[in-house]
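protein03.cif follows; it contains mmCIF, C-alpha atoms and all ligand atoms.
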```cif
data_run
loop_
_atom_site.label_atom_id
_atom_site.label_comp_id
_atom_site.auth_asym_id
_atom_site.auth_seq_id
_atom_site.Cartn_x
_atom_site.Cartn_y
_atom_site.Cartn_z
CA MET A 14 10.01 102.75 51.91
CA ALA A 15 12.09 99.65 51.07
CA LYS A 16 12.89 99.39 47.38
CA SER A 17 12.31 96.39 45.18
CA THR A 18 14.31 94.87 42.35
CA LEU A 19 12.63 94.24 39.00
CA VAL A 20 13.82 91.22 36.99
CA VAL A 21 13.05 91.14 33.27
CA ASN A 22 13.36 88.02 31.10
CA CYS A 23 12.35 88.54 27.46
CA GLY A 24 12.16 85.26 25.52
CA SER A 25 10.99 84.58 21.99
CA SER A 26 7.28 85.59 22.15
CA SER A 27 7.16 85.54 25.97
CA LEU A 28 8.00 87.98 28.74
CA LYS A 29 8.60 87.11 32.38
CA LEU A 30 8.77 89.80 35.04
CA ALA A 31 9.47 89.38 38.73
CA VAL A 32 9.56 91.83 41.60
CA LEU A 33 11.76 90.91 44.56
CA SER A 34 11.99 92.60 47.95
CA GLU A 35 15.20 93.92 49.49
CA ASP A 36 15.61 90.46 51.05
CA PHE A 37 15.14 88.88 47.62
CA GLU A 38 11.74 87.43 48.51
CA HIS A 39 9.36 87.09 45.55
CA GLN A 40 6.61 89.72 45.67
CA ALA A 41 5.18 89.34 42.18
CA GLN A 42 5.66 87.17 39.11
CA VAL A 43 4.10 87.86 35.73
CA LEU A 44 4.17 85.67 32.62
CA VAL A 45 3.11 87.09 29.26
CA GLU A 46 2.83 84.69 26.31
CA ARG A 47 1.96 84.77 22.60
CA LEU A 48 3.13 88.35 22.15
CA ASP A 49 2.65 89.81 18.68
CA THR A 50 -0.40 87.57 18.08
CA ASP A 51 -4.04 88.65 18.16
CA HIS A 52 -4.55 86.79 21.44
CA PRO A 53 -1.65 87.50 23.83
CA SER A 54 -2.18 86.09 27.32
CA ALA A 55 -0.86 87.10 30.70
CA SER A 56 -1.03 85.68 34.21
CA ALA A 57 0.23 87.28 37.40
CA ARG A 58 0.82 86.17 40.97
CA ILE A 59 1.08 89.05 43.39
CA ASP A 60 1.79 88.41 47.10
CA GLY A 61 0.73 84.81 46.53
CA LYS A 62 -2.61 85.69 44.88
CA ARG A 63 -3.54 85.25 41.23
CA GLU A 64 -4.39 88.46 39.35
CA SER A 65 -5.77 88.78 35.85
CA VAL A 66 -4.04 90.96 33.26
CA THR A 67 -5.65 92.07 30.01
CA LEU A 68 -3.48 92.84 27.02
CA GLU A 69 -4.51 94.45 23.74
CA PRO A 70 -4.33 92.22 20.62
CA ASN A 71 -0.91 92.39 18.90
CA SER A 72 0.78 93.92 21.96
CA ASP A 73 4.55 94.03 21.56
CA TYR A 74 7.16 93.78 24.34
CA ALA A 75 7.05 97.52 25.13
CA ASP A 76 3.21 97.52 25.33
CA ALA A 77 3.20 94.44 27.54
CA LEU A 78 5.89 95.86 29.85
CA ALA A 79 4.00 99.13 30.25
CA THR A 80 0.72 97.30 31.00
CA VAL A 81 2.34 94.98 33.55
CA VAL A 82 4.20 97.83 35.27
CA ARG A 83 0.91 99.77 35.56
CA LEU A 84 -0.69 96.71 37.18
CA LEU A 85 2.20 96.30 39.62
CA GLU A 86 2.00 99.99 40.53
CA SER A 87 -1.77 99.83 41.03
CA LYS A 88 -1.26 96.90 43.44
CA ASP A 89 1.47 98.83 45.31
CA VAL A 90 4.09 96.16 44.49
CA LEU A 91 6.13 98.75 42.65
CA THR A 92 6.04 102.12 44.36
CA GLY A 93 8.14 104.66 42.52
CA ASP A 94 11.37 103.64 40.86
CA PRO A 95 12.77 100.17 41.64
CA LEU A 96 16.26 100.01 43.19
CA VAL A 97 17.67 98.31 40.10
CA ILE A 98 16.45 96.37 37.06
CA GLY A 99 18.14 93.06 36.26
CA HIS A 100 17.87 91.70 32.71
CA ARG A 101 18.49 88.10 31.78
CA VAL A 102 20.69 88.23 28.69
CA VAL A 103 21.39 84.92 27.00
CA HIS A 104 24.74 85.48 25.27
CA GLY A 105 27.61 87.66 26.43
CA GLY A 106 30.25 85.96 24.26
CA GLU A 107 33.73 86.41 25.73
CA ASN A 108 32.99 90.02 26.66
CA PHE A 109 31.28 89.44 30.00
CA SER A 110 32.31 87.24 32.91
CA SER A 111 29.97 88.86 35.43
CA ALA A 112 26.80 90.93 35.70
CA THR A 113 27.38 94.38 34.19
CA VAL A 114 25.69 97.78 34.52
CA ILE A 115 24.20 98.65 31.13
CA ASP A 116 25.44 101.68 29.21
CA GLU A 117 25.80 102.39 25.48
CA ALA A 118 29.06 100.42 25.22
CA VAL A 119 27.46 97.39 26.91
CA ILE A 120 24.48 97.56 24.52
CA GLU A 121 26.93 97.60 21.62
CA ALA A 122 28.80 94.59 23.04
CA ILE A 123 25.53 92.65 23.51
CA THR A 124 24.48 93.56 19.96
CA ALA A 125 27.83 92.24 18.74
CA CYS A 126 26.80 88.82 20.15
CA ASN A 127 23.53 88.77 18.18
CA ASP A 128 24.87 86.36 15.57
CA LEU A 129 25.83 83.92 18.34
CA ALA A 130 22.27 83.95 19.74
CA PRO A 131 19.98 85.24 16.98
CA LEU A 132 16.86 83.81 18.66
CA HIS A 133 17.58 85.42 22.03
CA ASN A 134 19.89 88.46 22.19
CA PRO A 135 17.90 90.79 19.88
CA ILE A 136 14.81 90.18 22.02
CA ASN A 137 16.74 90.72 25.25
CA LEU A 138 17.82 94.08 23.80
CA ILE A 139 14.22 95.04 23.04
CA GLY A 140 13.40 94.43 26.72
CA ILE A 141 16.35 96.55 27.82
CA GLU A 142 15.35 99.47 25.56
CA ALA A 143 11.72 99.32 26.71
CA THR A 144 12.57 99.38 30.43
CA ARG A 145 15.15 102.14 29.92
CA LYS A 146 12.35 104.28 28.48
CA LEU A 147 10.02 103.42 31.36
CA TYR A 148 12.67 103.98 34.05
CA PRO A 149 15.35 106.30 32.64
CA ASP A 150 16.88 107.02 36.08
CA VAL A 151 17.14 103.44 37.37
CA PRO A 152 20.40 101.45 36.92
CA GLN A 153 19.88 98.48 34.60
CA VAL A 154 22.11 95.43 34.83
CA ALA A 155 22.68 92.65 32.30
CA VAL A 156 23.04 89.21 33.89
CA PHE A 157 24.39 86.78 31.29
CA ASP A 158 23.59 83.06 30.96
CA THR A 159 27.12 82.57 29.67
CA ALA A 160 29.07 84.59 32.29
CA PHE A 161 29.51 81.83 34.89
CA HIS A 162 31.14 79.60 32.25
CA GLN A 163 33.87 82.09 31.31
CA THR A 164 36.17 80.09 33.61
CA LEU A 165 36.07 77.03 31.32
CA PRO A 166 39.61 75.94 30.45
CA SER A 167 40.51 76.10 26.74
CA TYR A 168 40.53 72.29 26.48
CA ALA A 169 36.86 72.34 27.50
CA TYR A 170 35.78 75.24 25.28
CA LEU A 171 37.71 74.65 22.04
CA TYR A 172 36.10 72.56 19.31
CA ALA A 173 38.49 70.48 17.20
CA LEU A 174 37.95 72.73 14.17
CA PRO A 175 40.36 74.84 12.09
CA ARG A 176 41.67 77.64 14.32
CA ARG A 177 40.13 80.34 12.18
CA CYS A 178 36.64 79.27 13.33
CA TYR A 179 37.51 80.43 16.86
CA GLN A 180 39.82 83.29 15.93
CA ASP A 181 37.66 84.90 13.22
CA TRP A 182 34.14 83.98 14.28
CA GLY A 183 34.28 83.17 17.99
CA VAL A 184 33.21 79.56 17.41
CA ARG A 185 33.77 77.86 20.79
CA ARG A 186 31.77 76.34 23.61
CA TYR A 187 30.21 79.08 25.79
CA GLY A 188 27.69 77.23 28.00
CA PHE A 189 24.35 78.56 29.27
CA HIS A 190 22.06 78.35 32.34
CA GLY A 191 24.97 79.93 34.23
CA THR A 192 22.67 81.75 36.65
CA SER A 193 21.01 78.51 37.74
CA HIS A 194 24.30 76.60 38.08
CA ALA A 195 25.77 79.50 40.09
CA TYR A 196 22.68 79.41 42.32
CA MET A 197 23.26 75.68 42.98
CA LEU A 198 26.82 76.53 44.05
CA LYS A 199 25.51 79.18 46.43
CA GLN A 200 22.77 76.92 47.83
CA LEU A 201 25.10 73.96 48.41
CA GLY A 202 27.61 76.30 50.06
CA GLU A 203 24.93 77.47 52.50
CA ARG A 204 23.87 73.91 53.28
CA LEU A 205 27.42 72.69 53.89
CA ASP A 206 28.61 75.98 55.41
CA LYS A 207 31.54 76.11 52.99
CA PRO A 208 32.83 79.01 50.87
CA ALA A 209 32.32 78.68 47.11
CA ASN A 210 36.02 78.20 46.40
CA ALA A 211 36.06 75.07 48.58
CA LEU A 212 33.13 73.39 46.78
CA SER A 213 33.11 70.90 43.92
CA LEU A 214 29.85 69.63 42.47
CA ILE A 215 27.94 68.53 39.41
CA SER A 216 24.84 70.63 38.76
CA ALA A 217 22.12 69.17 36.50
CA HIS A 218 19.51 71.75 35.44
CA LEU A 219 16.63 69.81 33.88
CA GLY A 220 13.76 72.00 32.69
CA ASN A 221 12.53 72.56 29.15
CA GLY A 222 16.15 73.36 28.41
CA CYS A 223 18.61 70.97 30.08
CA SER A 224 22.30 71.38 30.87
CA ILE A 225 24.86 70.00 33.26
CA THR A 226 27.96 71.68 34.68
CA ALA A 227 31.06 70.50 36.53
CA ILE A 228 31.99 73.08 39.17
CA GLU A 229 35.47 72.62 40.67
CA LYS A 230 36.51 74.85 43.60
CA GLY A 231 33.63 77.22 42.80
CA GLN A 232 34.40 77.58 39.08
CA SER A 233 32.65 76.19 36.02
CA ARG A 234 35.14 73.75 34.40
CA ASP A 235 32.93 71.91 31.91
CA THR A 236 29.35 72.18 30.74
CA SER A 237 27.12 70.39 28.26
CA MET A 238 25.79 73.31 26.19
CA GLY A 239 28.18 74.77 23.63
CA LEU A 240 28.24 77.49 21.00
CA THR A 241 24.45 77.50 21.28
CA PRO A 242 22.00 75.97 23.79
CA LEU A 243 21.39 73.11 21.34
CA GLU A 244 24.41 70.99 22.34
CA GLY A 245 24.43 68.37 25.07
CA LEU A 246 21.56 66.68 26.88
CA VAL A 247 18.19 65.64 25.45
CA MET A 248 15.79 68.56 26.15
CA GLY A 249 12.06 69.29 25.79
CA THR A 250 12.18 70.03 22.05
CA ARG A 251 15.94 70.26 21.37
CA SER A 252 17.89 67.23 20.21
CA GLY A 253 21.08 67.86 22.19
CA ASP A 254 24.14 66.11 20.70
CA VAL A 255 23.77 64.61 17.22
CA ASP A 256 26.36 63.49 14.70
CA PRO A 257 27.40 66.65 12.75
CA GLY A 258 27.18 64.45 9.64
CA LEU A 259 23.40 64.61 10.10
CA PHE A 260 23.28 68.08 8.50
CA ASP A 261 24.71 66.79 5.21
CA PHE A 262 22.53 63.74 5.31
CA LEU A 263 19.31 65.69 5.83
CA GLN A 264 20.25 68.24 3.15
CA HIS A 265 20.72 65.38 0.70
CA LYS A 266 17.24 64.24 1.65
CA GLY A 267 15.99 67.65 0.49
CA LEU A 268 15.53 69.49 3.81
CA SER A 269 16.40 73.18 3.80
CA ARG A 270 18.73 74.78 6.36
CA ASP A 271 15.73 76.40 8.05
CA SER A 272 13.78 73.19 8.31
CA ILE A 273 16.80 71.33 9.75
CA SER A 274 17.24 74.10 12.30
CA ARG A 275 13.52 73.98 13.19
CA MET A 276 13.66 70.20 13.50
CA LEU A 277 16.66 70.23 15.87
CA ASN A 278 15.42 73.14 18.01
CA ARG A 279 11.65 72.73 18.08
CA GLU A 280 10.66 69.23 16.96
CA SER A 281 13.23 66.95 18.59
CA GLY A 282 14.16 65.98 22.16
CA LEU A 283 11.35 64.55 24.30
CA LEU A 284 8.78 65.80 21.79
CA GLY A 285 10.48 64.11 18.85
CA LEU A 286 11.11 60.81 20.63
CA SER A 287 7.69 60.53 22.28
CA GLY A 288 5.92 61.75 19.14
CA LYS A 289 3.40 63.52 21.39
CA THR A 290 4.63 66.07 23.92
CA ASN A 291 7.65 67.76 25.47
CA ASP A 292 6.02 67.65 28.91
CA MET A 293 7.94 65.13 31.02
CA ARG A 294 5.06 64.65 33.44
CA ALA A 295 2.77 63.52 30.60
CA ILE A 296 5.54 61.32 29.16
CA VAL A 297 6.02 59.53 32.49
CA GLU A 298 2.24 58.94 32.68
CA ALA A 299 2.19 57.62 29.10
CA ARG A 300 5.13 55.27 29.79
CA ASP A 301 3.44 53.95 32.92
CA ALA A 302 0.31 53.33 30.80
CA GLY A 303 2.37 51.25 28.35
CA SER A 304 3.46 53.65 25.58
CA ALA A 305 6.64 52.36 23.88
CA THR A 306 7.57 55.77 22.43
CA ALA A 307 7.26 57.40 25.86
CA ARG A 308 9.51 54.67 27.26
CA ASP A 309 12.09 55.36 24.54
CA ALA A 310 11.97 59.10 25.30
CA ILE A 311 12.66 58.49 29.00
CA ASP A 312 15.31 55.82 28.41
CA VAL A 313 17.26 58.05 26.01
CA PHE A 314 16.87 61.11 28.28
CA CYS A 315 18.18 59.28 31.37
CA PHE A 316 21.00 57.42 29.60
CA ARG A 317 22.31 60.59 27.94
CA LEU A 318 22.13 62.42 31.25
CA ALA A 319 23.99 59.61 33.05
CA ARG A 320 26.69 59.60 30.35
CA TYR A 321 27.17 63.33 30.85
CA ILE A 322 27.35 62.97 34.63
CA GLY A 323 30.14 60.46 34.05
CA ALA A 324 31.85 62.86 31.65
CA MET A 325 31.64 65.74 34.15
CA MET A 326 33.57 63.66 36.73
CA ALA A 327 36.67 64.09 34.52
CA SER A 328 36.81 67.78 35.56
CA LEU A 329 36.63 67.22 39.32
CA SER A 330 39.28 66.26 41.87
CA ARG A 331 36.62 65.53 44.51
CA ILE A 332 32.84 65.95 44.77
CA ASP A 333 30.58 67.50 47.43
CA GLY A 334 27.43 66.48 45.59
CA LEU A 335 25.46 65.81 42.45
CA VAL A 336 22.60 68.33 42.40
CA PHE A 337 19.32 67.98 40.49
CA THR A 338 17.27 71.11 39.74
CA GLY A 339 14.75 72.56 37.21
CA GLY A 340 11.16 71.33 36.73
CA ILE A 341 12.20 67.73 35.96
CA GLY A 342 15.20 67.63 38.30
CA GLU A 343 13.18 68.94 41.25
CA ASN A 344 10.00 66.92 40.75
CA SER A 345 10.60 63.65 38.96
CA ALA A 346 11.75 60.87 41.30
CA THR A 347 11.54 58.30 38.51
CA ILE A 348 13.87 60.25 36.18
CA ARG A 349 16.44 60.74 38.96
CA GLU A 350 16.22 57.07 39.94
CA GLN A 351 16.61 55.77 36.39
CA THR A 352 19.53 58.12 35.74
CA VAL A 353 21.42 57.29 38.93
CA ALA A 354 20.88 53.54 38.32
CA HIS A 355 23.45 53.86 35.48
CA LEU A 356 26.03 55.36 37.86
CA GLN A 357 26.65 52.77 40.57
CA LEU A 358 30.20 52.13 39.38
CA LEU A 359 30.95 55.83 39.89
CA GLY A 360 29.70 55.71 43.49
CA PHE A 361 26.19 57.17 43.18
CA THR A 362 23.22 55.35 44.75
CA ILE A 363 19.78 56.66 45.65
CA ASP A 364 17.62 56.23 48.74
CA GLN A 365 14.17 55.38 47.38
CA ASN A 366 12.16 56.96 50.20
CA ARG A 367 14.13 60.20 50.30
CA ASN A 368 13.99 60.37 46.50
CA ALA A 369 10.22 59.79 46.44
CA GLN A 370 9.85 62.85 48.74
CA ASN A 371 12.08 64.93 46.43
CA GLY A 372 14.45 65.23 49.42
CA ARG A 373 11.96 67.37 51.35
CA GLN A 374 12.31 65.37 54.59
CA SER A 375 16.10 65.09 54.35
CA SER A 376 17.41 68.64 53.68
CA GLY A 377 17.51 67.88 49.98
CA ARG A 378 19.65 64.69 50.31
CA ILE A 379 18.38 61.73 48.27
CA ASP A 380 21.44 59.40 48.26
CA SER A 381 21.72 56.16 50.19
CA GLY A 382 24.61 57.37 52.35
CA ASN A 383 26.97 54.77 50.83
CA GLY A 384 28.68 56.94 48.24
CA HIS A 385 28.63 60.48 46.92
CA ALA A 386 25.97 62.91 48.15
CA ILE A 387 23.04 63.56 45.82
CA TYR A 388 20.74 66.56 46.34
CA VAL A 389 17.50 68.01 45.00
CA ILE A 390 17.66 71.82 45.23
CA PRO A 391 14.95 74.08 43.76
CA THR A 392 16.37 76.70 41.44
CA ASP A 393 15.49 80.39 41.66
CA GLU A 394 17.12 82.18 38.76
CA GLU A 395 15.15 85.36 39.40
CA SER A 396 16.47 85.85 42.93
CA MET A 397 20.00 85.14 41.67
CA ILE A 398 19.58 87.73 38.88
CA ALA A 399 18.25 90.22 41.47
CA ARG A 400 21.23 89.60 43.80
CA GLU A 401 23.75 89.96 40.99
CA ALA A 402 22.01 93.11 39.72
CA VAL A 403 22.11 94.75 43.17
CA ASP A 404 25.79 93.81 43.64
CA ALA A 405 26.74 95.20 40.21
CA ALA A 406 24.77 98.44 40.58
CA TYR A 407 25.73 99.12 44.22
CA PRO A 408 29.19 97.54 44.65
CA ASP A 409 30.00 99.51 47.79
CA THR A 410 26.89 98.49 49.72
CA PRO A 411 27.50 95.68 52.25
CA LYS A 412 25.96 92.41 51.04
CA ASN A 413 23.03 91.00 52.99
CA HIS A 414 23.06 87.77 50.96
P1 LIG B 1 11.58 76.01 32.00
O1 LIG B 1 12.90 75.50 31.50
O2 LIG B 1 10.66 76.43 30.91
O3 LIG B 1 11.69 76.98 33.17
P2 LIG B 1 10.74 74.11 34.02
O4 LIG B 1 12.00 74.21 34.80
O5 LIG B 1 9.49 74.61 34.65
O6 LIG B 1 10.86 74.70 32.57
O7 LIG B 1 10.55 72.54 33.67
C1 LIG B 1 9.51 72.11 32.86
C2 LIG B 1 9.57 70.59 32.79
O8 LIG B 1 9.44 70.05 34.11
C3 LIG B 1 8.41 69.99 31.97
O9 LIG B 1 8.90 68.94 31.15
C4 LIG B 1 7.51 69.42 33.05
O10 LIG B 1 6.75 68.33 32.60
C5 LIG B 1 8.56 68.96 34.05
N1 LIG B 1 7.94 68.65 35.34
C6 LIG B 1 7.37 69.47 36.23
N2 LIG B 1 6.84 68.76 37.26
C7 LIG B 1 7.10 67.44 36.98
C8 LIG B 1 6.83 66.20 37.64
N3 LIG B 1 6.17 66.15 38.78
N4 LIG B 1 7.26 65.06 37.05
C9 LIG B 1 7.91 65.08 35.88
N5 LIG B 1 8.20 66.20 35.22
C10 LIG B 1 7.80 67.37 35.77
#
```
In structure tokens, how does this file's structure come out?
Amino acid sequence: MAKSTLVVNCGSSSLKLAVLSEDFEHQAQVLVERLDTDHPSASARIDGKRESVTLEPNSDYADALATVVRLLESKDVLTGDPLVIGHRVVHGGENFSSATVIDEAVIEAITACNDLAPLHNPINLIGIEATRKLYPDVPQVAVFDTAFHQTLPSYAYLYALPRRCYQDWGVRRYGFHGTSHAYMLKQLGERLDKPANALSLISAHLGNGCSITAIEKGQSRDTSMGLTPLEGLVMGTRSGDVDPGLFDFLQHKGLSRDSISRMLNRESGLLGLSGKTNDMRAIVEARDAGSATARDAIDVFCFRLARYIGAMMASLSRIDGLVFTGGIGENSATIREQTVAHLQLLGFTIDQNRNAQNGRQSSGRIDSGNGHAIYVIPTDEESMIAREAVDAAYPDTPKNH
């Protein structure tokens, strides 16, 4: 019987699992939320149908994984051991530039990056330990959000700080969302029938987290996120770039380090500006109904994004396309239109009809034809993680992707 790949993504208080077939088609997706509370919730979609999942109060990651795996086995989605298990790991520091089969040394190296991603890496490790116990004989592969950006040149990754910050503590720009940006490279290559090393593009991943990457000849050359995923664009609840002098200022106003960190990570971005929600769909509706704060949120979001698209051009010698992806990038014609309106001087213009259809009638193209190509391409980080996991665990098997 054909074997599936299991993809595990442990976030803070949530767990996402996906099962993909040998052809990397989605067979099942499970989302578990509010772990470690007395009312955890889970929803599953198996072969296109919704299934209910019941979790015990205060279930932890290991409990939830075991419950979900039992469900997947009972529905015959997982039969016996999977071929490989791919784990999304947020931070690989400078240790990992590609997906890597997990052994004790790799676990140690991921643990060594915990201080760079204290909200993410320790939880990723819990997921790895739990699945190793469930499937001791199956190869497990770490697929890092940072790996794709290990090609950044030093002028793009060094901060203008005393050298000891980088040398002693690894303070530099790492970049994240690498799996999604790498998937855009692959997708554009398939559409244009070009190998990766002949492609140059700007990839804008706009979801709850947002980042943008300049890819030149198949390599990441600049990206908006930095030491942590807080830098760069305006996001759902993260501020993106602020003046570093803000920290001093807020401390003088009496805010603690923890409350400043919470403000920048959880209370800012679209949520902070709109004063209501981090959900872009609701913000667009509120703006259209006359809300001034919703209008501010959208105006700042689009202007910052346009500025970054301009900045990314500095890393490219030519461009095959500007690509929008993620929940906002794939679905919001108004955000794409308002962003691209700032970029006429740089040779980007949108076709309103194609844009309104999210590019569905035009093979993803939404530009007017009078300048650079602009695309909408749905992301699929899980299939990319599955592909990279299979390649890392079975390097001698011919690729069918
Ligand atoms: P995550 O980063 O958590 O995977 P997604 O990629 O699903 O998030 O993106 C979530 C964002 O996409 C939310 O702000 C949501 O409102 C937005 N979004 C989804 N559909 C639309 C739409 N039709 N119009 C505007 N925003 C949308």
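Using all atoms listed in the file, the smallest distance between any of A:Lys412, A:His265, A:Arg251, A:Lys207 and ligand LIG 1 (chain B) comes from A:Arg251.
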| said: Just the number, please: distance in Å from CA of Asp292 in chain A to atom C9 of ligand LIG 1 (chain B), one decimal. | reply: 7.7 Å
| task | Excluding Val20 in chain A and residues on its chain fewer than 4 positions from it, collect all residues at most 12 Å away from it, counting only C-alpha atoms, and give them as an NGL selection string. | result | :A and (28-34 or 37 or 39-44 or 78 or 82 or 95-102 or 140-141 or 144 or 153-156 or 393-403)
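Interatomic distance, CA of Gly339 in chain A against CA of Ser237 in chain A: 15.4 Å.
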For Ala125 in chain A: contacts at 9 Å, all atoms listed in the file, fewer than 4 positions along chain excluded, given as an mmCIF file with C-alpha atoms, keeping the file's coordinate frame:
```cif
data_model
loop_
_atom_site.group_PDB
_atom_site.id
_atom_site.type_symbol
_atom_site.label_atom_id
_atom_site.label_comp_id
_atom_site.auth_asym_id
_atom_site.auth_seq_id
_atom_site.Cartn_x
_atom_site.Cartn_y
_atom_site.Cartn_z
ATOM 1 C CA GLY A 105 27.610 87.660 26.430
ATOM 2 C CA GLY A 106 30.250 85.960 24.260
ATOM 3 C CA ILE A 120 24.480 97.560 24.520
ATOM 4 C CA GLU A 121 26.930 97.600 21.620
ATOM 5 C CA LEU A 129 25.830 83.920 18.340
#
```
| field | Selection within 9 Å of ligand LIG 1 (chain B) by only C-alpha atoms and all ligand atoms, output as a count of residues only | value | 30
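From CA of Arg378 in chain A back to CA of Arg204 in chain A, the distance works out to 10.6 Å.
Proximity to Ser193 in chain A was assessed for A:Glu46, A:Asp89, A:Ser224, A:Val247 counting all atoms listed in the file; the smallest distance is recorded for A:Ser224.
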Where atoms are missing, can you supply all heavy atoms for range 22-28 of chain A and output the lot as a PDB file, keeping the file's coordinate frame?
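Okay, part-v3.pdb is ready:
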```pdb
ATOM      1  N   ASN A  22      12.853  89.133  31.922  1.00  0.00           N
ATOM      2  CA  ASN A  22      13.360  88.020  31.100  1.00  0.00           C
ATOM      3  C   ASN A  22      12.526  87.963  29.825  1.00  0.00           C
ATOM      4  O   ASN A  22      11.398  87.481  29.828  1.00  0.00           O
ATOM      5  CB  ASN A  22      13.222  86.722  31.911  1.00  0.00           C
ATOM      6  CG  ASN A  22      13.721  85.516  31.152  1.00  0.00           C
ATOM      7  OD1 ASN A  22      14.079  85.600  29.976  1.00  0.00           O
ATOM      8  ND2 ASN A  22      13.725  84.378  31.820  1.00  0.00           N
ATOM      9  N   CYS A  23      13.060  88.526  28.752  1.00  0.00           N
ATOM     10  CA  CYS A  23      12.350  88.540  27.460  1.00  0.00           C
ATOM     11  C   CYS A  23      12.779  87.331  26.652  1.00  0.00           C
ATOM     12  O   CYS A  23      13.944  87.227  26.272  1.00  0.00           O
ATOM     13  CB  CYS A  23      12.722  89.780  26.666  1.00  0.00           C
ATOM     14  SG  CYS A  23      11.791  91.218  27.119  1.00  0.00           S
ATOM     15  N   GLY A  24      11.855  86.419  26.376  1.00  0.00           N
ATOM     16  CA  GLY A  24      12.160  85.260  25.520  1.00  0.00           C
ATOM     17  C   GLY A  24      11.463  85.430  24.187  1.00  0.00           C
ATOM     18  O   GLY A  24      10.763  86.421  23.977  1.00  0.00           O
ATOM     19  N   SER A  25      11.656  84.445  23.289  1.00  0.00           N
ATOM     20  CA  SER A  25      10.990  84.580  21.990  1.00  0.00           C
ATOM     21  C   SER A  25       9.490  84.429  22.234  1.00  0.00           C
ATOM     22  O   SER A  25       9.036  83.394  22.707  1.00  0.00           O
ATOM     23  CB  SER A  25      11.485  83.517  21.017  1.00  0.00           C
ATOM     24  OG  SER A  25      11.379  82.255  21.609  1.00  0.00           O
ATOM     25  N   SER A  26       8.738  85.490  22.006  1.00  0.00           N
ATOM     26  CA  SER A  26       7.280  85.590  22.150  1.00  0.00           C
ATOM     27  C   SER A  26       6.766  85.514  23.590  1.00  0.00           C
ATOM     28  O   SER A  26       5.572  85.446  23.813  1.00  0.00           O
ATOM     29  CB  SER A  26       6.552  84.567  21.270  1.00  0.00           C
ATOM     30  OG  SER A  26       6.447  83.345  21.930  1.00  0.00           O
ATOM     31  N   SER A  27       7.658  85.492  24.589  1.00  0.00           N
ATOM     32  CA  SER A  27       7.160  85.540  25.970  1.00  0.00           C
ATOM     33  C   SER A  27       7.949  86.576  26.768  1.00  0.00           C
ATOM     34  O   SER A  27       9.044  86.986  26.365  1.00  0.00           O
ATOM     35  CB  SER A  27       7.281  84.179  26.641  1.00  0.00           C
ATOM     36  OG  SER A  27       8.623  83.941  26.993  1.00  0.00           O
ATOM     37  N   LEU A  28       7.355  86.986  27.872  1.00  0.00           N
ATOM     38  CA  LEU A  28       8.000  87.980  28.740  1.00  0.00           C
ATOM     39  C   LEU A  28       7.729  87.555  30.173  1.00  0.00           C
ATOM     40  O   LEU A  28       6.574  87.301  30.532  1.00  0.00           O
ATOM     41  CB  LEU A  28       7.372  89.355  28.460  1.00  0.00           C
ATOM     42  CG  LEU A  28       7.635  90.477  29.441  1.00  0.00           C
ATOM     43  CD1 LEU A  28       9.097  90.881  29.415  1.00  0.00           C
ATOM     44  CD2 LEU A  28       6.775  91.696  29.084  1.00  0.00           C
TER      45      LEU A  28
END
```
